[in-house]
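Colleague: Next comes data.cif, mmCIF, C-alpha atoms and all ligand atoms:
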```cif
data_final
#
loop_
_atom_site.label_atom_id
_atom_site.label_comp_id
_atom_site.auth_asym_id
_atom_site.auth_seq_id
_atom_site.Cartn_x
_atom_site.Cartn_y
_atom_site.Cartn_z
CA MET A 1 -24.19 18.00 16.48
CA GLY A 2 -21.80 15.15 17.35
CA ARG A 3 -21.93 13.87 13.79
CA LEU A 4 -21.39 17.36 12.38
CA SER A 5 -18.33 17.90 14.55
CA ASP A 6 -17.00 14.42 13.61
CA ALA A 7 -17.43 15.34 9.93
CA GLY A 8 -15.66 18.66 10.55
CA MET A 9 -12.74 16.93 12.26
CA LYS A 10 -12.46 14.38 9.44
CA LEU A 11 -12.41 17.19 6.87
CA GLY A 12 -9.67 18.95 8.87
CA THR A 13 -7.61 15.75 8.99
CA ASP A 14 -8.06 15.21 5.25
CA ILE A 15 -6.92 18.77 4.50
CA ASP A 16 -3.89 18.35 6.81
CA ASP A 17 -2.99 15.07 5.10
CA ALA A 18 -3.35 16.62 1.65
CA ALA A 19 -1.01 19.45 2.72
CA ARG A 20 1.56 17.00 4.19
CA PHE A 21 1.41 14.94 1.04
CA LEU A 22 1.80 17.91 -1.29
CA TRP A 23 4.78 19.12 0.75
CA ALA A 24 6.42 15.67 0.59
CA TRP A 25 5.79 15.60 -3.17
CA ILE A 26 7.43 19.04 -3.62
CA GLU A 27 10.49 17.72 -1.78
CA LYS A 28 10.71 14.34 -3.57
CA PRO A 29 8.27 14.11 -6.49
CA LEU A 30 9.56 10.81 -7.88
CA ALA A 31 9.52 8.99 -4.55
CA ILE A 32 6.04 10.21 -3.61
CA GLY A 33 4.62 9.61 -7.07
CA SER A 34 1.35 11.51 -6.57
CA VAL A 35 0.28 14.97 -5.43
CA THR A 36 -2.58 13.77 -3.25
CA PRO A 37 -3.27 10.78 -1.01
CA SER A 38 -5.52 8.07 -2.48
CA SER A 39 -9.25 8.76 -2.41
CA PRO A 40 -11.57 6.70 -0.18
CA SER A 41 -12.92 4.95 -3.33
CA LEU A 42 -9.48 3.78 -4.42
CA ALA A 43 -8.45 2.86 -0.87
CA ARG A 44 -11.66 0.82 -0.44
CA MET A 45 -11.10 -1.02 -3.72
CA VAL A 46 -7.58 -1.94 -2.58
CA ALA A 47 -8.75 -3.08 0.88
CA GLU A 48 -11.53 -5.22 -0.60
CA GLN A 49 -8.93 -7.38 -2.38
CA VAL A 50 -7.78 -8.63 1.04
CA ASP A 51 -9.38 -11.86 2.26
CA LYS A 52 -9.95 -10.95 5.89
CA THR A 53 -10.77 -14.55 6.83
CA LEU A 54 -7.13 -15.56 6.29
CA SER A 55 -4.72 -15.31 9.20
CA GLY A 56 -1.34 -13.64 8.97
CA PRO A 57 -0.16 -10.07 8.70
CA ILE A 58 -0.95 -7.63 5.95
CA ILE A 59 2.16 -5.82 4.75
CA GLU A 60 1.63 -2.38 3.27
CA LEU A 61 4.46 -0.82 1.26
CA GLY A 62 4.40 2.97 0.93
CA PRO A 63 1.36 3.69 3.14
CA GLY A 64 1.98 7.47 3.05
CA THR A 65 -0.53 9.25 5.30
CA GLY A 66 -2.55 6.04 5.57
CA PRO A 67 -5.72 6.18 3.43
CA VAL A 68 -5.39 2.51 2.46
CA THR A 69 -4.46 1.64 6.05
CA GLU A 70 -7.68 3.30 7.19
CA ALA A 71 -9.68 1.38 4.56
CA LEU A 72 -8.09 -1.89 5.73
CA VAL A 73 -9.16 -1.21 9.31
CA LYS A 74 -12.68 -0.34 8.09
CA HIS A 75 -12.62 -3.60 6.09
CA GLY A 76 -12.20 -5.44 9.41
CA ILE A 77 -8.43 -5.88 9.67
CA ARG A 78 -7.15 -5.39 13.22
CA PRO A 79 -4.33 -2.78 13.32
CA GLU A 80 -1.98 -5.22 15.11
CA ARG A 81 -2.00 -7.31 11.92
CA LEU A 82 -0.58 -4.41 9.90
CA ILE A 83 3.08 -4.03 8.98
CA LEU A 84 3.62 -0.63 7.37
CA ILE A 85 6.88 0.03 5.55
CA GLU A 86 7.37 3.67 4.66
CA PHE A 87 10.36 5.65 3.47
CA ASN A 88 9.28 9.13 4.63
CA PRO A 89 10.03 9.73 8.35
CA ASN A 90 7.21 12.28 8.80
CA PHE A 91 4.67 9.81 7.42
CA CYS A 92 6.10 7.14 9.76
CA ASP A 93 5.54 9.43 12.79
CA LEU A 94 1.99 10.11 11.66
CA LEU A 95 1.25 6.40 11.14
CA ARG A 96 2.69 5.50 14.58
CA ALA A 97 0.45 8.13 16.20
CA ARG A 98 -2.64 6.96 14.31
CA TYR A 99 -2.03 3.21 14.50
CA PRO A 100 -0.08 2.61 17.73
CA ARG A 101 -0.79 -1.14 17.55
CA ALA A 102 0.51 -1.52 14.00
CA THR A 103 4.19 -2.18 13.24
CA VAL A 104 5.67 0.80 11.39
CA ILE A 105 9.06 0.24 9.77
CA GLU A 106 10.97 3.19 8.37
CA GLY A 107 13.07 2.45 5.29
CA SER A 108 12.96 1.34 1.70
CA ALA A 109 10.40 -1.33 0.87
CA TYR A 110 12.56 -2.45 -2.05
CA ASP A 111 14.87 -4.00 0.57
CA LEU A 112 11.96 -6.02 1.88
CA GLU A 113 13.99 -8.93 3.25
CA ASP A 114 16.29 -6.57 5.16
CA ARG A 115 13.34 -4.62 6.51
CA LEU A 116 11.67 -7.79 7.83
CA SER A 117 14.78 -9.68 8.94
CA GLY A 118 15.18 -10.36 12.65
CA LYS A 119 11.43 -10.11 13.19
CA GLU A 120 9.22 -13.14 13.65
CA ILE A 121 6.65 -12.56 10.95
CA ALA A 122 4.15 -15.18 9.84
CA PRO A 123 3.42 -15.54 6.10
CA ALA A 124 1.38 -12.55 4.96
CA SER A 125 -2.23 -12.86 3.85
CA ALA A 126 -1.62 -9.97 1.44
CA VAL A 127 1.04 -7.47 0.47
CA ILE A 128 -0.27 -4.10 -0.64
CA SER A 129 1.84 -1.59 -2.49
CA GLY A 130 1.29 2.10 -3.07
CA LEU A 131 4.86 2.46 -4.29
CA PRO A 132 5.38 4.36 -7.54
CA LEU A 133 6.77 1.18 -9.14
CA PHE A 134 7.28 2.72 -12.59
CA THR A 135 10.18 4.77 -11.21
CA LYS A 136 12.13 1.48 -10.92
CA PRO A 137 13.41 -0.77 -13.71
CA PRO A 138 11.18 -3.80 -14.50
CA LEU A 139 13.67 -6.29 -13.03
CA GLU A 140 13.63 -4.49 -9.69
CA ARG A 141 9.80 -4.43 -9.65
CA VAL A 142 9.64 -8.16 -10.38
CA ALA A 143 12.27 -8.89 -7.70
CA LEU A 144 10.15 -7.03 -5.14
CA LEU A 145 7.03 -8.93 -6.25
CA ARG A 146 8.77 -12.31 -5.94
CA THR A 147 10.19 -11.48 -2.50
CA ALA A 148 6.77 -10.34 -1.31
CA LEU A 149 4.98 -13.43 -2.66
CA ALA A 150 7.60 -15.72 -1.09
CA ARG A 151 6.82 -14.01 2.23
CA SER A 152 3.08 -14.68 1.77
CA LEU A 153 0.62 -17.53 2.21
CA PRO A 154 0.12 -19.72 -0.89
CA GLY A 155 -2.21 -17.96 -3.30
CA ALA A 156 -2.07 -14.65 -1.40
CA PRO A 157 -2.14 -11.52 -3.55
CA PHE A 158 0.33 -8.72 -4.12
CA ILE A 159 -1.97 -5.74 -4.63
CA GLN A 160 -0.74 -2.67 -6.47
CA PHE A 161 -2.57 0.43 -7.59
CA THR A 162 -1.41 2.52 -10.48
CA TYR A 163 -2.44 5.57 -12.49
CA ALA A 164 -0.95 4.01 -15.62
CA VAL A 165 -2.90 2.09 -18.26
CA THR A 166 -0.34 -0.72 -18.36
CA SER A 167 0.59 -3.24 -15.68
CA PRO A 168 3.38 -2.13 -13.32
CA ILE A 169 4.61 -5.75 -13.41
CA PRO A 170 5.33 -6.82 -17.00
CA ARG A 171 2.46 -9.04 -18.20
CA ASN A 172 4.84 -11.72 -19.52
CA THR A 173 6.50 -12.32 -16.13
CA PRO A 174 6.80 -16.12 -15.83
CA GLY A 175 4.69 -17.84 -13.19
CA ILE A 176 2.61 -14.80 -12.28
CA LEU A 177 -1.15 -14.56 -12.68
CA SER A 178 -2.33 -10.96 -12.92
CA HIS A 179 -5.74 -9.36 -12.69
CA ARG A 180 -6.74 -5.76 -13.43
CA SER A 181 -9.70 -3.91 -11.91
CA ALA A 182 -12.01 -1.55 -13.74
CA PRO A 183 -10.84 2.09 -13.55
CA ILE A 184 -11.59 3.93 -10.33
CA TRP A 185 -12.66 7.32 -11.63
CA LEU A 186 -13.15 8.86 -8.18
CA ASN A 187 -9.45 9.42 -7.64
CA ILE A 188 -7.00 12.08 -8.79
CA PRO A 189 -5.77 10.82 -11.18
CA PRO A 190 -8.07 7.86 -11.99
CA ALA A 191 -6.43 4.58 -11.05
CA ARG A 192 -6.62 0.81 -11.41
CA VAL A 193 -5.89 -1.94 -8.92
CA TRP A 194 -3.78 -4.89 -10.05
CA THR A 195 -3.42 -8.16 -8.18
CA TYR A 196 -0.58 -10.60 -8.82
CA ARG A 197 -0.33 -14.18 -7.57
CA ASP A 198 2.28 -16.93 -7.78
CA ILE A 199 0.67 -19.59 -10.00
CA SER A 200 2.88 -22.37 -8.61
CA ARG A 201 1.52 -21.77 -5.10
CA MET A 202 -2.18 -21.60 -5.99
CA THR A 203 -4.42 -24.56 -5.16
C1 LIG A 301 1.74 7.27 -4.43
S1 LIG A 301 2.17 7.46 -2.71
C2 LIG A 301 0.91 6.41 -2.00
C3 LIG A 301 0.65 6.74 -0.55
C4 LIG A 301 -0.57 6.03 0.07
N1 LIG A 301 -0.45 4.59 -0.02
C5 LIG A 301 -1.83 6.46 -0.61
O1 LIG A 301 -2.51 5.59 -1.18
O2 LIG A 301 -2.16 7.66 -0.56
C6 LIG A 301 3.66 6.52 -2.56
C7 LIG A 301 4.18 6.32 -1.14
O3 LIG A 301 5.29 5.42 -1.20
C8 LIG A 301 6.33 5.92 -0.37
N2 LIG A 301 7.59 5.39 -0.88
C9 LIG A 301 8.23 5.73 -2.04
N3 LIG A 301 9.34 4.98 -2.21
C10 LIG A 301 9.38 4.16 -1.13
C11 LIG A 301 10.27 3.13 -0.75
N4 LIG A 301 11.34 2.83 -1.47
N5 LIG A 301 10.01 2.45 0.38
C12 LIG A 301 8.91 2.75 1.15
N6 LIG A 301 8.04 3.72 0.83
C13 LIG A 301 8.27 4.42 -0.30
C14 LIG A 301 6.20 7.42 -0.47
O4 LIG A 301 6.85 8.07 0.60
C15 LIG A 301 4.68 7.58 -0.46
O5 LIG A 301 4.20 7.61 0.86
#
```
How does the structure come out when it is put into structure tokens?

Modeller:
Amino acid sequence: MGRLSDAGMKLGTDIDDAARFLWAWIEKPLAIGSVTPSSPSLARMVAEQVDKTLSGPIIELGPGTGPVTEALVKHGIRPERLILIEFNPNFCDLLRARYPRATVIEGSAYDLEDRLSGKEIAPASAVISGLPLFTKPPLERVALLRTALARSLPGAPFIQFTYAVTSPIPRNTPGILSHRSAPIWLNIPPARVWTYRDISRMT
């Protein structure tokens, strides 16, 4: 009975999140970039790219209603290690209620240095992005990647999922090693997970 009511509550939460997300998309389709939150399969694939044995925070850009955040916690990341940077104030309120021990920062992740300035933040063990990067020019995407990697431990990944076939960071970007996952079909739409690392800081 307990398990059934847990499953019922989870379904209710998922439906509420889907409705919140759809509403946010209707208001700002380009900024939201998707009509539904990521599926558990995609969120798990993203979380599994994080080496949980490393110390340091995990910075998530564009967490939305938090499916990847939830997968990170299930993956064994303590919520106090999470820094969540989200543009949408309603999503920020939701994330603060769900993850009171995480740091939720409201504002644009593209101004990453400004968002993090004045806070004592150790080098990140990973930066995860759910941002719809293709809505920005390539130079702006690469600038965000470089800022994020400079804020990270040597060799740490910048993890990005995308519904596109091509890499959100141009493949010929100097000094960046990229890796593409197999497609995750259990997501609407199907997606891939890319990881990018700074070659000069890899051992
Ligand atoms: C495709 S959704 C992904 C949401 C969530 N990570 C998921 O997997 O379901 C993109 C998210 O990025 C947020 N976003 C868009 N532009 C942003 C920006 N400049 N800074 C921070 N968040 C932004 C949107 O509000 C939305 O929550």

Colleague: Choose the residue, out of A:Ile199, A:Leu72, A:Leu22, A:Leu95, that has the smallest atom-to-atom separation from Lys52 in chain A; count only C-alpha atoms.

Modeller: A:Leu72

Colleague: Which residues are close to Thr166 in chain A, i.e. within 10 Å by only C-alpha atoms, leaving aside same-chain residues fewer than 3 positions away? Reply as an MDAnalysis selection string.

Modeller: chainID A and resid 162:163 169:171 180 192 194

Colleague: When you count all atoms listed in the file, which of these residues is closest to Ala143 in chain A: A:Asp6, A:Asp14, A:Glu86, A:Glu113?

Modeller: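 Checking each of A:Asp6, A:Asp14, A:Glu86, A:Glu113 against Ala143 in chain A, counting all atoms listed in the file, the winner is A:Glu113.
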
Colleague: Using all atoms listed in the file, which residues of the polymer chains come no farther than 6 Å from ligand LIG 301 (chain A)? I'd like the answer as a PyMOL selection string.

Modeller: chain A and resi 31-34+37-38+61-64+66-68+85-88+107-110+130-132

Colleague: Between A:Val165, A:Leu153, A:Ile128, A:Leu112, which has the minimum distance to Glu48 in chain A (counting all atoms listed in the file)?

Modeller: A:Ile128

Colleague: Residues at most 10 Å from Ile77 in chain A, counting all atoms listed in the file, excluding those fewer than 3 positions away in the same chain, as JSON, numbers by chain?

Modeller: {"A": [47, 50, 51, 52, 53, 57, 58, 69, 70, 71, 72, 73, 74, 80, 81, 82]}

Colleague: What does the structure give for the distance between CA of Cys92 in chain A and CA of Pro29 in chain A, in Å to one decimal?

Modeller: 17.8 Å

Colleague: Can you measure CA of Leu177 in chain A to CA of Pro137 in chain A for me? One decimal in Å is fine.

Modeller: 20.1 Å

Colleague: Compare A:Ser39, A:Thr147, A:Thr173, A:Asn90 by their minimum atom-to-atom distance to Asp114 in chain A, counting only C-alpha atoms, and give me the closest one.

Modeller: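 Nearest candidate to Asp114 in chain A out of A:Ser39, A:Thr147, A:Thr173, A:Asn90: A:Thr147.
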
Colleague: Taking into account only C-alpha atoms, which residue in the set A:Ala150, A:Ile105, A:Val127, A:Ile159 is nearest to Ser178 in chain A?

Modeller: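 Looking only at the distances to Ser178 in chain A, the closest residue turns out to be A:Ile159.
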
Colleague: With only C-alpha atoms as the atoms that count, which of A:Leu145, A:Ile59, A:Ile184, A:Ala156 lies nearest to Arg115 in chain A?

Modeller: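 The closest residue to Arg115 in chain A is A:Ile59.
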
Colleague: For a test of reading the model, state the distance in Å between CA of Ile121 in chain A and CA of Phe161 in chain A, rounded to one decimal.

Modeller: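 Here the two named atoms are 24.4 Å from each other.
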
Colleague: Could you add the missing atoms to range 153-184 of chain A, up to N, CA and C atoms, and return them as a PDB file, keeping the file's coordinate frame?

Modeller:
```pdb
ATOM      1  N   LEU A 153       1.305 -16.227   2.236  1.00  0.00           N
ATOM      2  CA  LEU A 153       0.620 -17.530   2.210  1.00  0.00           C
ATOM      3  C   LEU A 153       0.434 -17.957   0.750  1.00  0.00           C
ATOM      4  N   PRO A 154       0.357 -19.274   0.491  1.00  0.00           N
ATOM      5  CA  PRO A 154       0.120 -19.720  -0.890  1.00  0.00           C
ATOM      6  C   PRO A 154      -1.152 -19.073  -1.450  1.00  0.00           C
ATOM      7  N   GLY A 155      -1.042 -18.549  -2.641  1.00  0.00           N
ATOM      8  CA  GLY A 155      -2.210 -17.960  -3.300  1.00  0.00           C
ATOM      9  C   GLY A 155      -2.531 -16.538  -2.864  1.00  0.00           C
ATOM     10  N   ALA A 156      -1.782 -16.014  -1.883  1.00  0.00           N
ATOM     11  CA  ALA A 156      -2.070 -14.650  -1.400  1.00  0.00           C
ATOM     12  C   ALA A 156      -1.696 -13.624  -2.466  1.00  0.00           C
ATOM     13  N   PRO A 157      -2.410 -12.505  -2.495  1.00  0.00           N
ATOM     14  CA  PRO A 157      -2.140 -11.520  -3.550  1.00  0.00           C
ATOM     15  C   PRO A 157      -1.100 -10.464  -3.172  1.00  0.00           C
ATOM     16  N   PHE A 158      -0.432  -9.974  -4.205  1.00  0.00           N
ATOM     17  CA  PHE A 158       0.330  -8.720  -4.120  1.00  0.00           C
ATOM     18  C   PHE A 158      -0.570  -7.711  -4.829  1.00  0.00           C
ATOM     19  N   ILE A 159      -0.961  -6.683  -4.115  1.00  0.00           N
ATOM     20  CA  ILE A 159      -1.970  -5.740  -4.630  1.00  0.00           C
ATOM     21  C   ILE A 159      -1.288  -4.395  -4.885  1.00  0.00           C
ATOM     22  N   GLN A 160      -1.441  -3.909  -6.085  1.00  0.00           N
ATOM     23  CA  GLN A 160      -0.740  -2.670  -6.470  1.00  0.00           C
ATOM     24  C   GLN A 160      -1.725  -1.746  -7.171  1.00  0.00           C
ATOM     25  N   PHE A 161      -1.759  -0.486  -6.781  1.00  0.00           N
ATOM     26  CA  PHE A 161      -2.570   0.430  -7.590  1.00  0.00           C
ATOM     27  C   PHE A 161      -1.657   1.285  -8.448  1.00  0.00           C
ATOM     28  N   THR A 162      -2.208   1.727  -9.538  1.00  0.00           N
ATOM     29  CA  THR A 162      -1.410   2.520 -10.480  1.00  0.00           C
ATOM     30  C   THR A 162      -2.311   3.495 -11.231  1.00  0.00           C
ATOM     31  N   TYR A 163      -1.715   4.591 -11.663  1.00  0.00           N
ATOM     32  CA  TYR A 163      -2.440   5.570 -12.490  1.00  0.00           C
ATOM     33  C   TYR A 163      -2.195   5.276 -13.963  1.00  0.00           C
ATOM     34  N   ALA A 164      -1.304   4.326 -14.229  1.00  0.00           N
ATOM     35  CA  ALA A 164      -0.950   4.010 -15.620  1.00  0.00           C
ATOM     36  C   ALA A 164      -1.991   3.064 -16.232  1.00  0.00           C
ATOM     37  N   VAL A 165      -1.984   3.000 -17.561  1.00  0.00           N
ATOM     38  CA  VAL A 165      -2.900   2.090 -18.260  1.00  0.00           C
ATOM     39  C   VAL A 165      -2.319   0.679 -18.255  1.00  0.00           C
ATOM     40  N   THR A 166      -0.989   0.598 -18.271  1.00  0.00           N
ATOM     41  CA  THR A 166      -0.340  -0.720 -18.360  1.00  0.00           C
ATOM     42  C   THR A 166      -0.010  -1.264 -16.969  1.00  0.00           C
ATOM     43  N   SER A 167       0.290  -2.572 -16.951  1.00  0.00           N
ATOM     44  CA  SER A 167       0.590  -3.240 -15.680  1.00  0.00           C
ATOM     45  C   SER A 167       1.965  -2.819 -15.153  1.00  0.00           C
ATOM     46  N   PRO A 168       2.056  -2.474 -13.879  1.00  0.00           N
ATOM     47  CA  PRO A 168       3.380  -2.130 -13.320  1.00  0.00           C
ATOM     48  C   PRO A 168       4.335  -3.326 -13.308  1.00  0.00           C
ATOM     49  N   ILE A 169       3.786  -4.547 -13.279  1.00  0.00           N
ATOM     50  CA  ILE A 169       4.610  -5.750 -13.410  1.00  0.00           C
ATOM     51  C   ILE A 169       4.415  -6.243 -14.843  1.00  0.00           C
ATOM     52  N   PRO A 170       5.512  -6.416 -15.598  1.00  0.00           N
ATOM     53  CA  PRO A 170       5.330  -6.820 -17.000  1.00  0.00           C
ATOM     54  C   PRO A 170       4.418  -8.037 -17.119  1.00  0.00           C
ATOM     55  N   ARG A 171       3.494  -8.002 -18.090  1.00  0.00           N
ATOM     56  CA  ARG A 171       2.460  -9.040 -18.200  1.00  0.00           C
ATOM     57  C   ARG A 171       3.054 -10.415 -18.508  1.00  0.00           C
ATOM     58  N   ASN A 172       4.251 -10.430 -19.135  1.00  0.00           N
ATOM     59  CA  ASN A 172       4.840 -11.720 -19.520  1.00  0.00           C
ATOM     60  C   ASN A 172       5.757 -12.295 -18.427  1.00  0.00           C
ATOM     61  N   THR A 173       5.634 -11.806 -17.205  1.00  0.00           N
ATOM     62  CA  THR A 173       6.500 -12.320 -16.130  1.00  0.00           C
ATOM     63  C   THR A 173       6.139 -13.785 -15.854  1.00  0.00           C
ATOM     64  N   PRO A 174       7.121 -14.700 -15.989  1.00  0.00           N
ATOM     65  CA  PRO A 174       6.800 -16.120 -15.830  1.00  0.00           C
ATOM     66  C   PRO A 174       6.234 -16.449 -14.448  1.00  0.00           C
ATOM     67  N   GLY A 175       5.223 -17.313 -14.451  1.00  0.00           N
ATOM     68  CA  GLY A 175       4.690 -17.840 -13.190  1.00  0.00           C
ATOM     69  C   GLY A 175       3.788 -16.908 -12.419  1.00  0.00           C
ATOM     70  N   ILE A 176       3.438 -15.771 -13.007  1.00  0.00           N
ATOM     71  CA  ILE A 176       2.610 -14.800 -12.280  1.00  0.00           C
ATOM     72  C   ILE A 176       1.260 -14.637 -12.969  1.00  0.00           C
ATOM     73  N   LEU A 177       0.202 -14.788 -12.167  1.00  0.00           N
ATOM     74  CA  LEU A 177      -1.150 -14.560 -12.680  1.00  0.00           C
ATOM     75  C   LEU A 177      -1.556 -13.146 -12.282  1.00  0.00           C
ATOM     76  N   SER A 178      -1.966 -12.346 -13.254  1.00  0.00           N
ATOM     77  CA  SER A 178      -2.330 -10.960 -12.920  1.00  0.00           C
ATOM     78  C   SER A 178      -3.796 -10.706 -13.218  1.00  0.00           C
ATOM     79  N   HIS A 179      -4.345  -9.763 -12.475  1.00  0.00           N
ATOM     80  CA  HIS A 179      -5.740  -9.360 -12.690  1.00  0.00           C
ATOM     81  C   HIS A 179      -5.836  -7.849 -12.536  1.00  0.00           C
ATOM     82  N   ARG A 180      -6.614  -7.219 -13.431  1.00  0.00           N
ATOM     83  CA  ARG A 180      -6.740  -5.760 -13.430  1.00  0.00           C
ATOM     84  C   ARG A 180      -8.174  -5.362 -13.099  1.00  0.00           C
ATOM     85  N   SER A 181      -8.345  -4.378 -12.241  1.00  0.00           N
ATOM     86  CA  SER A 181      -9.700  -3.910 -11.910  1.00  0.00           C
ATOM     87  C   SER A 181     -10.195  -2.954 -13.003  1.00  0.00           C
ATOM     88  N   ALA A 182     -11.474  -2.643 -12.918  1.00  0.00           N
ATOM     89  CA  ALA A 182     -12.010  -1.550 -13.740  1.00  0.00           C
ATOM     90  C   ALA A 182     -11.381  -0.240 -13.230  1.00  0.00           C
ATOM     91  N   PRO A 183     -11.406   0.818 -14.042  1.00  0.00           N
ATOM     92  CA  PRO A 183     -10.840   2.090 -13.550  1.00  0.00           C
ATOM     93  C   PRO A 183     -11.637   2.627 -12.359  1.00  0.00           C
ATOM     94  N   ILE A 184     -10.928   3.225 -11.445  1.00  0.00           N
ATOM     95  CA  ILE A 184     -11.590   3.930 -10.330  1.00  0.00           C
ATOM     96  C   ILE A 184     -11.517   5.406 -10.698  1.00  0.00           C
TER      97      ILE A 184
END
```
